[in-house]
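Shown next: upload21.txt, containing compact mmCIF, C-alpha atoms and all ligand atoms.
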```
# COMPACT_ATOMS: atom_id res chain seq x y z
CA MET K 28 -1.30 12.43 -7.42
CA GLY K 29 0.23 9.04 -6.64
CA GLU K 30 -1.73 5.91 -5.83
CA ARG K 31 -3.59 5.93 -2.53
CA GLY K 32 -4.32 3.08 -0.16
CA GLU K 33 -7.59 2.13 1.50
CA ALA K 34 -6.95 3.23 5.05
CA ILE K 35 -9.18 5.70 6.87
CA VAL K 36 -6.89 8.22 8.53
CA LEU K 37 -8.26 10.44 11.31
CA ILE K 38 -6.59 13.77 11.98
CA GLY K 39 -7.61 16.77 14.06
CA PHE K 40 -6.98 18.75 17.20
CA MET K 41 -6.75 17.18 20.65
CA GLY K 42 -10.24 16.50 21.97
CA THR K 43 -11.98 16.26 18.61
CA GLY K 44 -12.71 12.57 19.29
CA LYS K 45 -10.22 10.81 17.01
CA SER K 46 -9.44 7.95 19.41
CA SER K 47 -13.00 7.06 20.34
CA ALA K 48 -14.25 7.35 16.75
CA GLY K 49 -11.28 5.32 15.54
CA ARG K 50 -11.99 2.51 17.98
CA LEU K 51 -15.65 2.35 16.96
CA LEU K 52 -14.84 2.55 13.26
CA ALA K 53 -12.30 -0.25 13.46
CA GLU K 54 -14.86 -2.41 15.28
CA ARG K 55 -17.73 -1.64 12.96
CA LEU K 56 -15.71 -2.08 9.78
CA ALA K 57 -13.70 -5.02 11.17
CA LEU K 58 -10.42 -3.32 10.30
CA PRO K 59 -7.12 -3.25 12.17
CA ARG K 60 -6.47 0.00 14.06
CA TYR K 61 -3.19 1.84 14.37
CA GLU K 62 -2.83 4.75 16.77
CA THR K 63 0.40 6.74 16.49
CA ASP K 64 0.29 7.95 20.13
CA GLU K 65 0.06 4.33 21.32
CA MET K 66 2.89 3.26 19.02
CA VAL K 67 5.11 6.03 20.38
CA THR K 68 4.30 5.48 24.06
CA SER K 69 4.92 1.77 23.73
CA ARG K 70 8.25 2.40 21.99
CA PHE K 71 9.43 4.64 24.85
CA ALA K 72 7.54 2.63 27.48
CA MET K 73 6.40 5.88 29.10
CA SER K 74 3.54 8.36 28.96
CA ILE K 75 3.49 11.19 26.43
CA ALA K 76 4.06 13.68 29.26
CA ASP K 77 7.17 11.74 30.33
CA ILE K 78 8.47 11.50 26.75
CA PHE K 79 8.21 15.30 26.41
CA ARG K 80 9.79 15.80 29.84
CA HIS K 81 12.71 13.40 29.45
CA HIS K 82 13.39 13.44 25.71
CA GLY K 83 11.77 16.66 24.47
CA GLU K 84 9.11 17.35 21.86
CA PRO K 85 11.44 16.86 18.83
CA ALA K 86 12.16 13.26 19.92
CA PHE K 87 8.41 12.69 20.25
CA ARG K 88 7.85 14.13 16.75
CA ASP K 89 10.61 11.94 15.28
CA ALA K 90 9.07 8.84 16.85
CA GLU K 91 5.60 9.90 15.67
CA ALA K 92 6.81 10.27 12.07
CA GLU K 93 8.54 6.90 12.31
CA ALA K 94 5.39 5.26 13.67
CA LEU K 95 3.44 6.61 10.70
CA ARG K 96 6.04 5.24 8.28
CA GLU K 97 5.71 1.81 9.90
CA ILE K 98 1.97 1.55 9.22
CA PRO K 99 1.50 -0.69 6.17
CA ILE K 100 -0.39 0.49 3.09
CA ALA K 101 -3.46 -1.67 3.64
CA PRO K 102 -7.09 -1.28 4.71
CA SER K 103 -7.09 -0.07 8.32
CA VAL K 104 -8.15 2.74 10.61
CA VAL K 105 -5.27 5.07 11.48
CA VAL K 106 -5.63 7.43 14.45
CA THR K 107 -3.05 10.20 14.69
CA GLY K 108 -1.96 12.70 17.35
CA GLY K 109 -3.06 16.31 16.96
CA GLY K 110 0.38 17.49 15.90
CA ILE K 111 0.87 14.99 13.07
CA VAL K 112 0.14 17.66 10.44
CA LEU K 113 3.12 19.76 11.55
CA ARG K 114 5.44 17.76 9.27
CA PRO K 115 4.73 17.77 5.54
CA GLU K 116 6.28 14.29 5.21
CA ASN K 117 3.57 13.01 7.61
CA VAL K 118 0.83 14.58 5.50
CA ALA K 119 2.25 12.93 2.37
CA ARG K 120 2.41 9.58 4.15
CA MET K 121 -1.17 9.85 5.45
CA ARG K 122 -2.47 10.67 1.97
CA ARG K 123 -0.55 7.68 0.63
CA LEU K 124 -2.17 5.47 3.29
CA GLY K 125 -5.71 6.44 2.30
CA LEU K 126 -8.53 8.85 2.83
CA VAL K 127 -7.77 11.57 5.36
CA ILE K 128 -10.67 12.73 7.53
CA ALA K 129 -10.34 15.82 9.70
CA LEU K 130 -12.37 15.94 12.91
CA SER K 131 -13.01 19.36 14.39
CA ALA K 132 -14.99 20.89 17.25
CA ALA K 133 -15.86 24.34 18.56
CA ILE K 134 -13.38 25.78 21.04
CA ASP K 135 -15.85 25.75 23.97
CA ILE K 136 -16.40 22.04 23.40
CA LEU K 137 -12.66 21.38 23.19
CA VAL K 138 -12.03 23.25 26.44
CA GLU K 139 -14.74 21.17 28.12
CA ARG K 140 -13.56 17.84 26.70
CA LEU K 141 -9.91 18.54 27.55
CA CYS K 142 -10.39 19.92 31.05
CA GLY K 143 -9.64 16.61 32.80
CA SER K 144 -6.71 15.66 30.59
CA HIS K 145 -3.34 15.18 32.30
CA ASP K 146 -1.28 13.55 29.56
CA ARG K 147 -1.20 16.39 27.05
CA PRO K 148 2.01 18.32 27.66
CA LEU K 149 1.10 21.08 25.21
CA LEU K 150 -1.83 22.01 27.45
CA ALA K 151 0.09 21.92 30.71
CA GLY K 152 0.23 25.69 31.33
CA ALA K 153 -2.15 27.69 33.51
CA ASN K 154 -4.22 29.22 30.69
CA ARG K 155 -5.52 26.15 28.95
CA ARG K 156 -8.14 27.95 26.89
CA GLY K 157 -5.51 30.40 25.65
CA GLN K 158 -3.19 27.52 24.72
CA ILE K 159 -5.96 25.76 22.84
CA ALA K 160 -6.91 28.96 20.98
CA LYS K 161 -3.31 29.65 19.99
CA LEU K 162 -2.62 26.12 18.77
CA LEU K 163 -5.94 25.96 16.94
CA GLN K 164 -5.17 29.16 15.14
CA SER K 165 -1.83 27.93 13.90
CA ARG K 166 -3.05 24.46 12.97
CA SER K 167 -6.54 24.79 11.51
CA ARG K 168 -5.31 25.46 8.02
CA LEU K 169 -2.94 22.47 8.24
CA TYR K 170 -5.82 20.13 9.07
CA ASP K 171 -7.92 21.62 6.28
CA ALA K 172 -5.13 21.32 3.74
CA ALA K 173 -4.38 17.70 4.62
CA ALA K 174 -7.96 16.42 4.68
CA ASP K 175 -10.22 14.92 2.03
CA LEU K 176 -13.30 15.11 4.25
CA ALA K 177 -14.27 16.90 7.45
CA VAL K 178 -16.61 16.08 10.33
CA ASP K 179 -17.55 18.61 13.01
CA THR K 180 -17.94 16.53 16.17
CA SER K 181 -19.12 19.39 18.43
CA ASP K 182 -22.66 18.04 18.84
CA LEU K 183 -22.01 14.36 18.14
CA THR K 184 -21.46 11.35 20.36
CA PRO K 185 -18.59 9.01 19.39
CA HIS K 186 -21.13 6.61 17.85
CA GLN K 187 -22.58 9.44 15.78
CA VAL K 188 -19.10 10.48 14.65
CA ALA K 189 -18.36 6.93 13.50
CA ALA K 190 -21.72 6.77 11.71
CA ALA K 191 -21.10 10.14 10.01
CA ILE K 192 -17.71 8.93 8.78
CA ILE K 193 -19.15 5.67 7.46
CA HIS K 194 -21.87 7.65 5.68
CA GLN K 195 -19.35 10.00 4.07
CA LEU K 196 -17.17 7.06 3.06
CA SER K 197 -20.01 5.35 1.29
CA ASN K 198 -20.71 8.58 -0.64
CA VAL K 199 -17.09 8.92 -1.68
CA ARG K 200 -16.81 5.28 -2.70
CA GLN K 201 -20.07 5.48 -4.66
CA ARG K 202 -18.78 8.52 -6.54
CA ALA K 203 -15.50 6.74 -7.23
CA GLY K 204 -17.57 3.88 -8.71
C1 LIG K 301 -0.46 16.48 20.46
C2 LIG K 301 -1.60 15.71 20.54
C3 LIG K 301 -1.67 14.47 21.33
C4 LIG K 301 -0.28 13.84 21.46
C5 LIG K 301 0.69 14.84 22.01
C6 LIG K 301 0.83 16.08 21.10
C7 LIG K 301 -0.49 17.73 19.67
O1 LIG K 301 -2.57 13.56 20.71
O2 LIG K 301 0.17 13.34 20.23
O3 LIG K 301 0.28 15.23 23.29
O4 LIG K 301 0.59 18.26 19.31
O5 LIG K 301 -1.60 18.21 19.34
P1 LIG K 301 -4.20 13.72 20.75
O6 LIG K 301 -4.57 14.58 19.60
O7 LIG K 301 -4.66 12.31 20.60
O8 LIG K 301 -4.53 14.31 22.07
```

Show the structure stored in the file as structure tokens.
Amino acid sequence: MGERGEAIVLIGFMGTGKSSAGRLLAERLALPRYETDEMVTSRFAMSIADIFRHHGEPAFRDAEAEALREIPIAPSVVVTGGGIVLRPENVARMRRLGLVIALSAAIDILVERLCGSHDRPLLAGANRRGQIAKLLQSRSRLYDAAADLAVDTSDLTPHQVAAAIIHQLSNVRQRAG
């Protein structure tokens, strides 16, 4: 395994709480925060739904991979979009950046958290629960394979998620000496 940086990289399905935990973590640890979705939407100057509509998902994925490559190897909090694990080059880059933490949640919780979401083109169809189930099934093993640590956020508030991550980090860093 090559050398790894000191970033904290959050991965996981839509609605697992990556963005809110990432914001709190960056604040509490006084680290810069990078969020690939924000980097991509600012590059295109349009919403994710509009990027998918006008340019297609592959263009979004290309821009997402490029955003990840632009993040410097340095201490930071990196928040990714749920599909980041679809490309092996992204997984390699995230592991190069630092410690990869997978957030997860039970499907009922995801359905509830995502019910008001309008900027997630992959959930735009009529059967949102079915979409979530299908995507989860194909992606779960990708999140597991990419991650060093996992946090189930089903019963946690964003503050509790951030605290759980900080707790796990201190364990890992203690073990690493
Ligand atoms: C996606 C997740 C979204 C966003 C885009 C595609 C996915 O990010 O990148 O809609 O493929 O799971 P969040 O996980 O922040 O919702």

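Between CA of Leu149 (chain K) and CA of Gly109 (chain K) the separation is 10.4 Å.
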
Near region 68-77 of chain K, within 9 Å and counting all atoms listed in the file, which residues show up once chain neighbours fewer than 6 positions away are dropped, as a ChimeraX atom specification?
/K:83,87,90,145-149

Enumerate residues in contact with ligand LIG 301 (chain K): an atom-to-atom distance of at most 9 Å, counting only C-alpha atoms and all ligand atoms. Format the result as an MDAnalysis selection string.
chainID K and resid 38:46 62:64 67 75:76 79 84 87:88 91 106:113 141 144 146:150 162

Identify, on the basis of all atoms listed in the file, every residue whose closest approach to Pro115 (chain K) does not exceed 10 Å; exclude the query and any residue fewer than 6 positions from it along the same chain; express the result as a VMD selection string.
chain K and resid 121 169 173

Please provide the set of residues having any atom within 8 Å of region 185-197 of chain K, restricted to only C-alpha atoms, with same-chain residues fewer than 4 positions apart removed, written as a VMD selection string.
chain K and resid 44 47 to 49 51 to 52 176 178 180 201

Gap from CA of Asp171 (chain K) to CA of Ile134 (chain K) - Å, one decimal:
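If I compute the distance from CA of Asp171 (chain K) to CA of Ile134 (chain K), I get 16.3 Å.
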
Could region 190-204 of chain K be completed with N, CA, C and O atoms and written as a PDB file, in the coordinates of the input, please?
```pdb
ATOM      1  N   ALA K 190     -20.668   6.927  12.722  1.00  0.00           N
ATOM      2  CA  ALA K 190     -21.720   6.770  11.710  1.00  0.00           C
ATOM      3  C   ALA K 190     -21.583   7.828  10.617  1.00  0.00           C
ATOM      4  O   ALA K 190     -21.746   7.529   9.422  1.00  0.00           O
ATOM      5  N   ALA K 191     -21.261   9.061  10.996  1.00  0.00           N
ATOM      6  CA  ALA K 191     -21.100  10.140  10.010  1.00  0.00           C
ATOM      7  C   ALA K 191     -19.934   9.820   9.068  1.00  0.00           C
ATOM      8  O   ALA K 191     -20.025  10.053   7.853  1.00  0.00           O
ATOM      9  N   ILE K 192     -18.875   9.269   9.614  1.00  0.00           N
ATOM     10  CA  ILE K 192     -17.710   8.930   8.780  1.00  0.00           C
ATOM     11  C   ILE K 192     -18.081   7.800   7.810  1.00  0.00           C
ATOM     12  O   ILE K 192     -17.780   7.866   6.615  1.00  0.00           O
ATOM     13  N   ILE K 193     -18.764   6.793   8.328  1.00  0.00           N
ATOM     14  CA  ILE K 193     -19.150   5.670   7.460  1.00  0.00           C
ATOM     15  C   ILE K 193     -20.081   6.161   6.346  1.00  0.00           C
ATOM     16  O   ILE K 193     -19.945   5.760   5.185  1.00  0.00           O
ATOM     17  N   HIS K 194     -20.962   7.087   6.686  1.00  0.00           N
ATOM     18  CA  HIS K 194     -21.870   7.650   5.680  1.00  0.00           C
ATOM     19  C   HIS K 194     -21.080   8.413   4.606  1.00  0.00           C
ATOM     20  O   HIS K 194     -21.296   8.213   3.409  1.00  0.00           O
ATOM     21  N   GLN K 195     -20.154   9.240   5.042  1.00  0.00           N
ATOM     22  CA  GLN K 195     -19.350  10.000   4.070  1.00  0.00           C
ATOM     23  C   GLN K 195     -18.502   9.074   3.200  1.00  0.00           C
ATOM     24  O   GLN K 195     -18.335   9.313   2.006  1.00  0.00           O
ATOM     25  N   LEU K 196     -17.986   8.025   3.823  1.00  0.00           N
ATOM     26  CA  LEU K 196     -17.170   7.060   3.060  1.00  0.00           C
ATOM     27  C   LEU K 196     -17.966   6.399   1.960  1.00  0.00           C
ATOM     28  O   LEU K 196     -17.497   6.233   0.838  1.00  0.00           O
ATOM     29  N   SER K 197     -19.215   6.037   2.306  1.00  0.00           N
ATOM     30  CA  SER K 197     -20.010   5.350   1.290  1.00  0.00           C
ATOM     31  C   SER K 197     -20.327   6.307   0.142  1.00  0.00           C
ATOM     32  O   SER K 197     -20.341   5.902  -1.012  1.00  0.00           O
ATOM     33  N   ASN K 198     -20.506   7.597   0.431  1.00  0.00           N
ATOM     34  CA  ASN K 198     -20.710   8.580  -0.640  1.00  0.00           C
ATOM     35  C   ASN K 198     -19.486   8.671  -1.535  1.00  0.00           C
ATOM     36  O   ASN K 198     -19.592   8.650  -2.760  1.00  0.00           O
ATOM     37  N   VAL K 199     -18.328   8.777  -0.902  1.00  0.00           N
ATOM     38  CA  VAL K 199     -17.090   8.920  -1.680  1.00  0.00           C
ATOM     39  C   VAL K 199     -16.871   7.693  -2.547  1.00  0.00           C
ATOM     40  O   VAL K 199     -16.529   7.786  -3.727  1.00  0.00           O
ATOM     41  N   ARG K 200     -17.102   6.523  -1.956  1.00  0.00           N
ATOM     42  CA  ARG K 200     -16.810   5.280  -2.700  1.00  0.00           C
ATOM     43  C   ARG K 200     -17.818   5.087  -3.827  1.00  0.00           C
ATOM     44  O   ARG K 200     -17.468   4.566  -4.880  1.00  0.00           O
ATOM     45  N   GLN K 201     -19.062   5.552  -3.600  1.00  0.00           N
ATOM     46  CA  GLN K 201     -20.070   5.480  -4.660  1.00  0.00           C
ATOM     47  C   GLN K 201     -19.656   6.356  -5.841  1.00  0.00           C
ATOM     48  O   GLN K 201     -19.718   5.949  -6.989  1.00  0.00           O
ATOM     49  N   ARG K 202     -19.190   7.585  -5.473  1.00  0.00           N
ATOM     50  CA  ARG K 202     -18.780   8.520  -6.540  1.00  0.00           C
ATOM     51  C   ARG K 202     -17.587   7.971  -7.314  1.00  0.00           C
ATOM     52  O   ARG K 202     -17.467   8.158  -8.505  1.00  0.00           O
ATOM     53  N   ALA K 203     -16.690   7.285  -6.568  1.00  0.00           N
ATOM     54  CA  ALA K 203     -15.500   6.740  -7.230  1.00  0.00           C
ATOM     55  C   ALA K 203     -15.855   5.525  -8.069  1.00  0.00           C
ATOM     56  O   ALA K 203     -15.050   5.013  -8.840  1.00  0.00           O
ATOM     57  N   GLY K 204     -17.093   5.031  -7.934  1.00  0.00           N
ATOM     58  CA  GLY K 204     -17.570   3.880  -8.710  1.00  0.00           C
ATOM     59  C   GLY K 204     -17.048   2.604  -8.097  1.00  0.00           C
ATOM     60  O   GLY K 204     -16.748   1.646  -8.748  1.00  0.00           O
TER      61      GLY K 204
END
```
